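Take a look at the structure below.
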Amino acid sequence: MRLLDEQAIEDIAVGAAVLGTGGGGDPYVGKLMALQALKNNGPIKMITLDELDDDAFVVPTAMMGAPTVLVEKVPSGKEIFNSVHNLEDYMGKKIDVTMPIEAGGVNSMIPLAVAASLGIPMIDADGMGRAFPELQMVTFHLFGVSACPMLVSDEKGNSIVFKTVCNQWTERIARAACSEMGGSVMDAIYPMSGAEVKKASIPGIVTLTEEIGKGIREAKEKGKSPIDVVLEITGGFEIFKGKVVDIVRKTQGGFVRGESHFSGIDEYKGSSLELNFQNENLVAIVDGKVACSTPDLIAVLDAETGHPITTEGLRYGARGVIIAMPCHEHWRTEIGIETAGPRYFGYDFDYTPVEELVAKNKAGE
Amino acid sequence: MAYRLGIDVGGTNTDAVVLNDELEVIASTKSATTEDVMSGIENAMKAVLEQIGDERARIGYAMLGTTQATNAIVERKHLNKVGIIRIGLPATEAIEPMCGWSEDLKAAIGGQSYLVHGGHEFDGREISKLDEDEIRTALSKMKGQVSTVAIISVFSPVNDSHELRAQELVKEVLGEEVPVSLSSEIGSIGLIERENSTILNAALYDVAKKTVLGFKEALNHQNISAKIYLGQNDGTLMNADYAVKYPVLTIACGPTNSIRGAAYLAGFEDALVVDVGGTTTDVGVLQRGFPRQSSLAVEIGGVRTNFRMPDLISLGLGGGTIVRGVDNAGEISVGPDSVGYKLTQEARIFGGNTLTTSDVVVALGHADLGDASYLKDLESSKLEEVYQKMIEMTEDVIDRMKTSAQPVPVILVGGGSLLLPQTLTGASEVAKPEHFEVANAIGSAIAQVSGEIEKLYSLEDMSRAEAVEDAKALAISDAIEAGAEPDSIEIVDIEDVPLAYLPGNVTRVHVKAAGNLRM
């Protein structure tokens with residue numbers, strides 16, 4: 001077990017936005033909530049999977065809805081505890097540990113606030129190793145864990161228990177409820193035993209995000225390139241450097257789909273990159289060839305500061321380095337690719353791991 | 001038509017210009033910025049008016065871009081005590097007002113804050129009914145302890161009715177004379193940042209009043225009776241009454257004024273502005289007459305706000321940049337360090353011992369400055385190499401800032417602009433306009449007035465095009481209200497970003513319209 005302080009929260013917020021692959025929203029409001037909870041309750045306890053009791057009752061906590069709503073209609077702060085406590089009542093047992101379901105934006109921060117406020121530990125693991133747009137897109141789902149019973153609460157005091165036939169149905173109904181409840185709700189979701197978490201989660205992800213954030217921060221002080229630091233920590237690849245010359249966005253069934261076009265600068269001069277996103281970055285195509293695709297991670301980092309740029313924050317003329325990082329092996333299974341591979345999102349090609357694409361594209365040069 | 005007096009207060013210099021009715025520069029001056037700011041403004045005003053003699057009577061408009069509001073916040077001086085009412089319960093309790101502010105700034109503002117029931121959802125429904133009794137109670141507790149009030153309601157950019165009602169209650173309980181800042185008038189979606197800006201605005205009320213009064217008096221001393229306007233951070237103007245109500249908008253208008261002034265002098269609407277100083281070169285983008293804005297949130301005195309600054313890249317290349325490897329051993333390098341303001345002592349052409357970029361262009365015969373005879377010993381092939389490197393550095397930044405492959409016009413301004421040639425790769429033409437040294441004051445004098453709107457639209461009941469049209473109409477009527485000549489109004493910025501992770505096709509539309517000052 002170790003303790004997370006204020007600096008750790010700041011670093012995790014930045015690192016999670018890198019693994020958030022353009023999605024997950026601005027972590028600012030979540031970060032202020034986590035910092036407030038830390039100030040009131042002292043440092044946050046974080047345990048590794050090894051330290052987790054097999055019988056522990058684990059409840060991941062998260063926000064669902066539009067980050068744009070969250071930054072305007074700031075939570076009351078009670079929503080997430082209503083969800084947790086109502087789930088405890090429903091299941092007849094007390095929460096022992098919480099954890100994040102994804103590494104990205106707001107949802108990297110909510111479990112920190114919960115852990116601090118309830119005085120329980122948080123696990124150094126998550127269910128994505130990145131950010132994804134739908135609630136069944138978690139490694140827990142790949143291992144047959146149900147999102148239900150799931151509790152959703154708004155700031156007005158409404159709470160809903162979901163008991164559905166499958167995780168896809170939970171996604172559909174919960175998202176509609178979320179909209180009706182005002183566009184931003186807090187979830188207690190995928191209740192699990194410690195043993196299930198050990199099998200079905202991605203270990204060490206909080207520490208990894210903290211290292212990324214710290215790396216970017218310290219790169220400036222040490223005069224190193226923050227981009228190189230991120231690549232070193234994540235085992236990722238720089239696939240492009242360019243500036244945004246065009247962005248197209250459209251809404252489809254509650255998700256913002258779109259593409260941004262980058263024109264190359266420096267050693268990429270003359271090349272172009274097309275980045276397809278659905279809230280998160282999904283497919284990167286360099287000069288007509290796929291350079292990386294979901295479930296592998298694609299992040300756009302500010303060319304100067306190394307800070308991640310979200311798909312909502314992308315603007316004409318923004319200068320970015322596009323990096324690709326291999327996803328966790330849980331995603332590289334048949335069900336993993338079926339759940340979050342390119343075909344699920346409507347792209348007509350098969351998934352190839354990013355390291356193979358990089359090797360192939362290099363050989364082709 | 002009348003003449004215009006434009007004044008821009010910078011960190012080092014206060015610049016002043018007079019433009020005639022053809023908007024031509026007929027007088028200009030630079031004088032030192034003073035600690036109290038106002039005496040520097042008076043000095044610049046006096047100096048520039050002396051140049052035009054009797055023609056001063058023709059001045060009908062006086063525009064001021066100033067740093068008084070910024071200074072007051074940074075120095076925590078002369079700030080009003082602010083009562084804060086946030087309307088949004090049961091939401092928003094998780095983050096208190098002024099969370100993350102430094103204690104001394106909080107203390108300077110007093111910061112009595114109250115959260116009350118009310119506010120709206122993203123789709124315009126009420127979160128809860130506005131609780132007027134809670135507001136009345138909060139206001140009576142504030143009585144005698146605050147001099148201004150800031151009102152912030154959740155989703156007020158979508159529906160401002162709760163803020164307007166709360167404003168009426170302030171008048172009723174605290175009296176008509178207490179100034180009120182409404183968040184819907186100040187910022188866009190993003191409660192904490194908009195709230196911060198609104199609180200700062202309320203805290204600046206006295207400073208703004210003093211600034212406007214001081215400017216009026218200074219003009220009176222010079223026997224000028226002109227309509228007064230203040231520059232805003234987006235490069236447009238507001239009249240004196242508006243400036244007193246929204247002083248926070250005057251913050252950080254300098255860089256914008258400089259880009260717009262350069263553009264005006266060169267006669268371009270779309271161009272890159274390359275401002276070469278002593279230490280750095282700042283490159284900004286002019287789009288439809290306005291600077292392209294950065295997507296980063298701007299902090300003022302350590303407080304995160306929702307204002308945006310022009311998107312600039314700063315390059316370590318200026319007139320005083322140190323050059324190595326020509327007159328000494330080692331590899332050839334340019335900067336990034338500079339002799340800065342000591343150029344006239346340390347550069348070789350002025351008898352010093354440091355080789356700078358200015359020396360290089362003089363040695364090559366591209367500029368006439370100082371004494372070239374000090375440079376006779378230098379190897380011309382090495383000098384040429386340095387010169388090419390300087391050009392490449394600039395061309396590289398130009399290329400980074402461009403958004404299309406087509407060459408764009410480049411405007412060169414700043415004292416160091418003699419470093420660069422008349423042709424640059426990526427530039428369709430390179431303009432070096434006259435009077436570039438007072439571009440900020442000119443930018444202030446020629447500024448337009450604008451209207452801006454940000455709203456969420458549900459695309460269930462209307463098409464995206466209809467939503468954008470509606471927002472455009474609102475922005476235009478805003479601009480007319482702010483004093484724009486209706487026929488001259490153009491839409492200068494449209495942004496349309498759908499809300500992620502939410503069904504119902506809701507989109508956030510931001511439109512800005514700007515037009516010429518109605519004379």
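By order in the structure tokens, chains are A, B, ...; within a chain, residues start at 1; ligands start at 1, following the order shown.
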
Test item: chain A residues at most 7 Å from chain B, counting only C-alpha atoms, as a ChimeraX atom specification: /A:32-33,65-66,68-69,71-77,155-156,176,179,182-183,243,245,250-251,253-256,265,279,313,317

May I have the residues within 12 Å of Pro353 (chain A) as number ranges by chain, using only C-alpha atoms and disregarding those fewer than 4 positions away in the same chain? A: 236, 290-297, 324-329, 331-333, 337, 341-342, 357-360

Export of the given selection (N, CA, C and O atoms) as a tab-separated table (two decimals), in the first residue's frame:
chain	number	residue	atom	x	y	z
A	236	GLY	N	5.56	3.24	-26.42
A	236	GLY	CA	4.79	3.65	-27.59
A	236	GLY	C	5.67	4.09	-28.75
A	236	GLY	O	6.90	4.03	-28.69
A	290	VAL	N	-3.19	2.42	-42.67
A	290	VAL	CA	-3.51	2.39	-41.25
A	290	VAL	C	-2.21	2.32	-40.44
A	290	VAL	O	-1.39	1.43	-40.66
A	291	ALA	N	-2.04	3.26	-39.53
A	291	ALA	CA	-0.82	3.28	-38.72
A	291	ALA	C	-1.08	2.78	-37.31
A	291	ALA	O	-0.18	2.34	-36.61
A	292	CYS	N	-2.34	2.85	-36.89
A	292	CYS	CA	-2.71	2.34	-35.57
A	292	CYS	C	-4.23	2.31	-35.51
A	292	CYS	O	-4.89	3.19	-36.06
A	293	SER	N	-4.79	1.28	-34.86
A	293	SER	CA	-6.24	1.26	-34.70
A	293	SER	C	-6.63	0.72	-33.34
A	293	SER	O	-5.84	0.05	-32.69
A	294	THR	N	-7.84	1.08	-32.93
A	294	THR	CA	-8.40	0.59	-31.69
A	294	THR	C	-8.39	-0.94	-31.70
A	294	THR	O	-8.56	-1.51	-32.78
A	295	PRO	N	-8.16	-1.63	-30.61
A	295	PRO	CA	-8.03	-1.15	-29.22
A	295	PRO	C	-6.65	-0.60	-28.83
A	295	PRO	O	-6.47	-0.23	-27.68
A	296	ASP	N	-5.67	-0.56	-29.75
A	296	ASP	CA	-4.43	0.12	-29.40
A	296	ASP	C	-4.71	1.61	-29.20
A	296	ASP	O	-5.72	2.12	-29.67
A	297	LEU	N	-3.81	2.28	-28.52
A	297	LEU	CA	-4.07	3.65	-28.09
A	297	LEU	C	-3.44	4.67	-29.03
A	297	LEU	O	-2.30	4.50	-29.44
A	324	ALA	N	1.31	6.34	-30.78
A	324	ALA	CA	0.53	5.10	-30.71
A	324	ALA	C	1.14	4.24	-29.62
A	324	ALA	O	2.36	4.15	-29.49
A	325	MET	N	0.25	3.61	-28.82
A	325	MET	CA	0.74	2.77	-27.74
A	325	MET	C	0.00	1.44	-27.77
A	325	MET	O	-1.20	1.40	-28.01
A	326	PRO	N	0.72	0.34	-27.54
A	326	PRO	CA	0.04	-0.95	-27.55
A	326	PRO	C	-0.94	-1.08	-26.39
A	326	PRO	O	-0.65	-0.64	-25.28
A	327	CYS	N	-2.11	-1.70	-26.66
A	327	CYS	CA	-3.09	-1.89	-25.59
A	327	CYS	C	-2.69	-3.11	-24.76
A	327	CYS	O	-1.79	-3.85	-25.13
A	328	HIS	N	-3.41	-3.32	-23.66
A	328	HIS	CA	-3.15	-4.50	-22.82
A	328	HIS	C	-3.56	-5.77	-23.56
A	328	HIS	O	-4.48	-5.75	-24.36
A	329	GLU	N	-2.90	-6.87	-23.26
A	329	GLU	CA	-3.16	-8.13	-23.97
A	329	GLU	C	-4.61	-8.62	-23.83
A	329	GLU	O	-5.12	-9.33	-24.69
A	331	TRP	N	-7.15	-7.03	-24.41
A	331	TRP	CA	-7.90	-6.52	-25.56
A	331	TRP	C	-7.55	-7.27	-26.84
A	331	TRP	O	-8.26	-7.17	-27.84
A	332	ARG	N	-6.42	-7.96	-26.84
A	332	ARG	CA	-5.96	-8.59	-28.08
A	332	ARG	C	-6.46	-10.02	-28.20
A	332	ARG	O	-5.80	-10.88	-28.77
A	333	THR	N	-7.61	-10.29	-27.58
A	333	THR	CA	-8.23	-11.60	-27.68
A	333	THR	C	-9.39	-11.49	-28.65
A	333	THR	O	-9.76	-10.39	-29.07
A	337	ILE	N	-11.27	-7.94	-29.32
A	337	ILE	CA	-11.32	-7.26	-30.62
A	337	ILE	C	-12.77	-7.13	-31.10
A	337	ILE	O	-13.15	-6.12	-31.68
A	341	GLY	N	-12.69	-3.60	-31.27
A	341	GLY	CA	-11.81	-3.53	-32.43
A	341	GLY	C	-12.40	-2.64	-33.50
A	341	GLY	O	-13.51	-2.13	-33.36
A	342	PRO	N	-11.68	-2.46	-34.61
A	342	PRO	CA	-12.12	-1.53	-35.65
A	342	PRO	C	-13.50	-1.89	-36.24
A	342	PRO	O	-14.29	-0.99	-36.53
A	357	LEU	N	2.24	-3.04	-37.30
A	357	LEU	CA	2.00	-1.99	-38.30
A	357	LEU	C	3.22	-1.10	-38.46
A	357	LEU	O	3.62	-0.75	-39.57
A	358	VAL	N	3.82	-0.75	-37.33
A	358	VAL	CA	5.00	0.12	-37.36
A	358	VAL	C	6.14	-0.58	-38.12
A	358	VAL	O	6.77	0.01	-38.99
A	359	ALA	N	6.35	-1.87	-37.80
A	359	ALA	CA	7.42	-2.63	-38.47
A	359	ALA	C	7.14	-2.72	-39.97
A	359	ALA	O	8.02	-2.53	-40.81
A	360	LYS	N	5.87	-2.99	-40.31
A	360	LYS	CA	5.48	-3.16	-41.71
A	360	LYS	C	5.66	-1.85	-42.49
A	360	LYS	O	6.24	-1.82	-43.57

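Coordinates place CA of Ile202 (chain A) at a distance of 15.9 Å from CA of Val97 (chain A).
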
Using DSSP on the backbone coordinates, identify all residues within region 22-140 of chain A classified as alpha helix (DSSP H); present the result as a PyMOL selection string. chain A and resi 28-41+67-72+79-91+110-118+139-140

Residues from the last selection, C-alpha atoms, saved as a CSV table (one decimal), in the first residue's frame:
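See again31.csv below for the written result:
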chain,number,residue,atom,x,y,z
A,28,TYR,CA,-10.4,19.6,-14.1
A,29,VAL,CA,-13.7,19.3,-12.2
A,30,GLY,CA,-12.9,15.7,-11.1
A,31,LYS,CA,-9.4,16.8,-10.0
A,32,LEU,CA,-10.8,19.6,-7.9
A,33,MET,CA,-13.2,17.1,-6.3
A,34,ALA,CA,-10.3,14.7,-5.6
A,35,LEU,CA,-8.1,17.5,-4.2
A,36,GLN,CA,-11.0,18.7,-2.0
A,37,ALA,CA,-11.5,15.2,-0.6
A,38,LEU,CA,-7.8,14.8,0.0
A,39,LYS,CA,-7.7,18.1,1.9
A,40,ASN,CA,-10.7,17.1,4.1
A,41,ASN,CA,-9.7,13.4,4.7
A,67,PRO,CA,-18.0,16.1,-19.7
A,68,THR,CA,-19.3,19.4,-21.1
A,69,VAL,CA,-22.3,19.1,-18.7
A,70,LEU,CA,-20.0,18.1,-15.8
A,71,VAL,CA,-17.9,21.3,-16.2
A,72,GLU,CA,-21.0,23.5,-16.0
A,79,GLU,CA,-24.2,11.6,-6.1
A,80,ILE,CA,-21.4,9.0,-6.0
A,81,PHE,CA,-22.1,8.2,-2.4
A,82,ASN,CA,-25.8,7.7,-3.0
A,83,SER,CA,-24.8,5.2,-5.7
A,84,VAL,CA,-22.3,3.4,-3.5
A,85,HIS,CA,-24.6,3.3,-0.4
A,86,ASN,CA,-27.7,2.3,-2.4
A,87,LEU,CA,-25.7,-0.5,-4.0
A,88,GLU,CA,-24.5,-1.6,-0.5
A,89,ASP,CA,-28.1,-1.7,0.7
A,90,TYR,CA,-29.2,-3.6,-2.4
A,91,MET,CA,-26.5,-6.2,-2.1
A,110,ILE,CA,-13.7,10.1,-9.2
A,111,PRO,CA,-12.4,6.9,-7.5
A,112,LEU,CA,-9.7,9.0,-5.8
A,113,ALA,CA,-12.4,11.3,-4.3
A,114,VAL,CA,-14.4,8.2,-3.2
A,115,ALA,CA,-11.5,6.5,-1.6
A,116,ALA,CA,-10.5,9.6,0.3
A,117,SER,CA,-14.0,10.4,1.5
A,118,LEU,CA,-15.0,6.8,2.5
A,139,THR,CA,-12.0,-6.0,-19.5
A,140,PHE,CA,-14.4,-7.0,-16.8

Shortest contact to Leu64 (chain B), candidates B:Gly118, B:Gly254, B:Gly111, B:Gly451, atoms counted only C-alpha atoms, goes to B:Gly254

Please, what distance in Å, to one decimal, runs between CA of Pro43 (chain A) and CA of Glu102 (chain A)? 21.5 Å

Can you pull out every residue from region 36-265 of chain B that DSSP, working from the backbone, puts in strand (DSSP E or B), and format the result as an MDAnalysis selection string? chainID B and resid 59:65 82:89 112:117 120 126 148:153 180:182 227:231 236:239

Hey, what's within 7 Å of region 207-222 of chain B if we count only C-alpha atoms and toss same-chain stuff fewer than 3 positions away? As a list of chain:residue names, please?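 In the requested form, the answer reads B:Glu42, B:Ala69, B:His78, B:Leu204, B:Ser225, B:Ala240, B:Ala243, B:Val244, B:Pro247.
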
Okay, now the selection with N, CA and C atoms, as a PDB file, in the first residue's frame?
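Dumped everything to result.pdb:
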ATOM      1  N   GLU B  42      -1.023  59.852 -19.579  1.00  0.00           N
ATOM      2  CA  GLU B  42      -1.065  61.308 -19.766  1.00  0.00           C
ATOM      3  C   GLU B  42       0.155  61.809 -20.532  1.00  0.00           C
ATOM      4  N   ALA B  69      -6.522  46.895 -14.898  1.00  0.00           N
ATOM      5  CA  ALA B  69      -7.295  45.811 -14.285  1.00  0.00           C
ATOM      6  C   ALA B  69      -6.379  44.635 -13.941  1.00  0.00           C
ATOM      7  N   HIS B  78      -6.830  47.822  -4.469  1.00  0.00           N
ATOM      8  CA  HIS B  78      -8.011  48.593  -4.875  1.00  0.00           C
ATOM      9  C   HIS B  78      -9.175  47.717  -5.306  1.00  0.00           C
ATOM     10  N   LEU B 204     -13.386  44.353  -9.762  1.00  0.00           N
ATOM     11  CA  LEU B 204     -12.674  45.405 -10.495  1.00  0.00           C
ATOM     12  C   LEU B 204     -13.516  46.654 -10.719  1.00  0.00           C
ATOM     13  N   SER B 225     -12.699  66.596 -26.256  1.00  0.00           N
ATOM     14  CA  SER B 225     -13.941  65.962 -25.833  1.00  0.00           C
ATOM     15  C   SER B 225     -14.226  64.863 -26.834  1.00  0.00           C
ATOM     16  N   ALA B 240     -17.445  53.357 -22.750  1.00  0.00           N
ATOM     17  CA  ALA B 240     -17.073  53.614 -21.358  1.00  0.00           C
ATOM     18  C   ALA B 240     -18.061  52.989 -20.368  1.00  0.00           C
ATOM     19  N   ALA B 243     -17.503  49.319 -20.285  1.00  0.00           N
ATOM     20  CA  ALA B 243     -16.210  48.995 -19.674  1.00  0.00           C
ATOM     21  C   ALA B 243     -16.292  49.046 -18.156  1.00  0.00           C
ATOM     22  N   VAL B 244     -17.099  49.968 -17.645  1.00  0.00           N
ATOM     23  CA  VAL B 244     -17.255  50.051 -16.197  1.00  0.00           C
ATOM     24  C   VAL B 244     -18.000  48.818 -15.679  1.00  0.00           C
ATOM     25  N   PRO B 247     -15.148  45.248 -16.607  1.00  0.00           N
ATOM     26  CA  PRO B 247     -13.708  45.561 -16.654  1.00  0.00           C
ATOM     27  C   PRO B 247     -12.830  44.333 -16.885  1.00  0.00           C
TER      28      PRO B 247
END

I'd like to know which of B:Cys253, B:Ile151, B:Val326, B:Ile199 is closest to Ser184 (chain B), using only C-alpha atoms.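 Selected residue with least distance to Ser184 (chain B): B:Ile151.
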
Just how far from CA of Lys81 (chain B) is CA of Gln145 (chain B), in Å to one decimal? 7.3 Å

Taking only C-alpha atoms into account, which of B:Asp337, B:Gly261, B:Asp21, B:Arg288 comes nearest Glu434 (chain B)?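 Looking only at the distances to Glu434 (chain B), the closest residue turns out to be B:Gly261.
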
So which residues touch Gln51 (chain B) within 12 Å, counting only C-alpha atoms, skipping near sequence neighbours fewer than 6 positions away, as a ChimeraX atom specification? /B:16-18,25-29,44-45

Next, dump the selected residues to file, keeping only all heavy atoms, as a PDB file, in the first residue's frame.
ATOM      1  N   ALA B  16       1.129  55.872 -28.187  1.00  0.00           N
ATOM      2  CA  ALA B  16      -0.050  56.653 -28.557  1.00  0.00           C
ATOM      3  C   ALA B  16       0.029  57.031 -30.026  1.00  0.00           C
ATOM      4  O   ALA B  16       1.121  57.280 -30.553  1.00  0.00           O
ATOM      5  CB  ALA B  16      -0.150  57.910 -27.705  1.00  0.00           C
ATOM      6  N   VAL B  17      -1.122  57.031 -30.685  1.00  0.00           N
ATOM      7  CA  VAL B  17      -1.184  57.463 -32.085  1.00  0.00           C
ATOM      8  C   VAL B  17      -2.413  58.333 -32.293  1.00  0.00           C
ATOM      9  O   VAL B  17      -3.381  58.257 -31.532  1.00  0.00           O
ATOM     10  CB  VAL B  17      -1.299  56.277 -33.087  1.00  0.00           C
ATOM     11  CG1 VAL B  17      -0.051  55.424 -33.081  1.00  0.00           C
ATOM     12  CG2 VAL B  17      -2.540  55.437 -32.817  1.00  0.00           C
ATOM     13  N   VAL B  18      -2.356  59.145 -33.327  1.00  0.00           N
ATOM     14  CA  VAL B  18      -3.563  59.828 -33.782  1.00  0.00           C
ATOM     15  C   VAL B  18      -3.787  59.424 -35.227  1.00  0.00           C
ATOM     16  O   VAL B  18      -2.854  59.452 -36.038  1.00  0.00           O
ATOM     17  CB  VAL B  18      -3.445  61.366 -33.677  1.00  0.00           C
ATOM     18  CG1 VAL B  18      -4.708  62.027 -34.233  1.00  0.00           C
ATOM     19  CG2 VAL B  18      -3.211  61.780 -32.234  1.00  0.00           C
ATOM     20  N   VAL B  25      -2.100  57.294 -40.061  1.00  0.00           N
ATOM     21  CA  VAL B  25      -1.362  57.726 -38.875  1.00  0.00           C
ATOM     22  C   VAL B  25      -0.802  59.119 -39.128  1.00  0.00           C
ATOM     23  O   VAL B  25      -0.025  59.326 -40.056  1.00  0.00           O
ATOM     24  CB  VAL B  25      -0.207  56.743 -38.589  1.00  0.00           C
ATOM     25  CG1 VAL B  25       0.576  57.201 -37.357  1.00  0.00           C
ATOM     26  CG2 VAL B  25      -0.735  55.326 -38.400  1.00  0.00           C
ATOM     27  N   ILE B  26      -1.203  60.112 -38.297  1.00  0.00           N
ATOM     28  CA  ILE B  26      -0.651  61.449 -38.493  1.00  0.00           C
ATOM     29  C   ILE B  26       0.278  61.838 -37.355  1.00  0.00           C
ATOM     30  O   ILE B  26       1.008  62.809 -37.445  1.00  0.00           O
ATOM     31  CB  ILE B  26      -1.750  62.515 -38.694  1.00  0.00           C
ATOM     32  CG1 ILE B  26      -2.736  62.520 -37.513  1.00  0.00           C
ATOM     33  CG2 ILE B  26      -2.499  62.302 -40.005  1.00  0.00           C
ATOM     34  CD1 ILE B  26      -3.619  63.760 -37.511  1.00  0.00           C
ATOM     35  N   ALA B  27       0.280  61.075 -36.270  1.00  0.00           N
ATOM     36  CA  ALA B  27       1.221  61.343 -35.172  1.00  0.00           C
ATOM     37  C   ALA B  27       1.363  60.081 -34.353  1.00  0.00           C
ATOM     38  O   ALA B  27       0.424  59.302 -34.235  1.00  0.00           O
ATOM     39  CB  ALA B  27       0.700  62.469 -34.289  1.00  0.00           C
ATOM     40  N   SER B  28       2.571  59.868 -33.826  1.00  0.00           N
ATOM     41  CA  SER B  28       2.753  58.686 -32.973  1.00  0.00           C
ATOM     42  C   SER B  28       3.864  58.949 -31.972  1.00  0.00           C
ATOM     43  O   SER B  28       4.746  59.769 -32.205  1.00  0.00           O
ATOM     44  CB  SER B  28       3.089  57.463 -33.817  1.00  0.00           C
ATOM     45  OG  SER B  28       4.374  57.584 -34.366  1.00  0.00           O
ATOM     46  N   THR B  29       3.786  58.263 -30.848  1.00  0.00           N
ATOM     47  CA  THR B  29       4.829  58.413 -29.841  1.00  0.00           C
ATOM     48  C   THR B  29       4.927  57.158 -28.992  1.00  0.00           C
ATOM     49  O   THR B  29       3.981  56.382 -28.900  1.00  0.00           O
ATOM     50  CB  THR B  29       4.540  59.634 -28.939  1.00  0.00           C
ATOM     51  OG1 THR B  29       5.656  59.827 -28.079  1.00  0.00           O
ATOM     52  CG2 THR B  29       3.325  59.375 -28.058  1.00  0.00           C
ATOM     53  N   ALA B  44       2.058  60.139 -22.688  1.00  0.00           N
ATOM     54  CA  ALA B  44       1.977  59.726 -24.096  1.00  0.00           C
ATOM     55  C   ALA B  44       0.964  60.595 -24.838  1.00  0.00           C
ATOM     56  O   ALA B  44       1.202  61.039 -25.962  1.00  0.00           O
ATOM     57  CB  ALA B  44       1.592  58.252 -24.184  1.00  0.00           C
ATOM     58  N   MET B  45      -0.158  60.837 -24.160  1.00  0.00           N
ATOM     59  CA  MET B  45      -1.223  61.634 -24.771  1.00  0.00           C
ATOM     60  C   MET B  45      -0.714  63.042 -25.091  1.00  0.00           C
ATOM     61  O   MET B  45      -0.897  63.562 -26.190  1.00  0.00           O
ATOM     62  CB  MET B  45      -2.394  61.719 -23.784  1.00  0.00           C
ATOM     63  CG  MET B  45      -3.689  62.184 -24.373  1.00  0.00           C
ATOM     64  SD  MET B  45      -4.917  62.449 -23.076  1.00  0.00           S
ATOM     65  CE  MET B  45      -5.382  60.809 -22.634  1.00  0.00           C
TER      66      MET B  45
END

Which residue of B:Ser181, B:Gln388, B:Ser358, B:Thr250 approaches Ala202 (chain B) most closely, using only C-alpha atoms: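 Under the stated criterion, the closest residue is B:Ser181.
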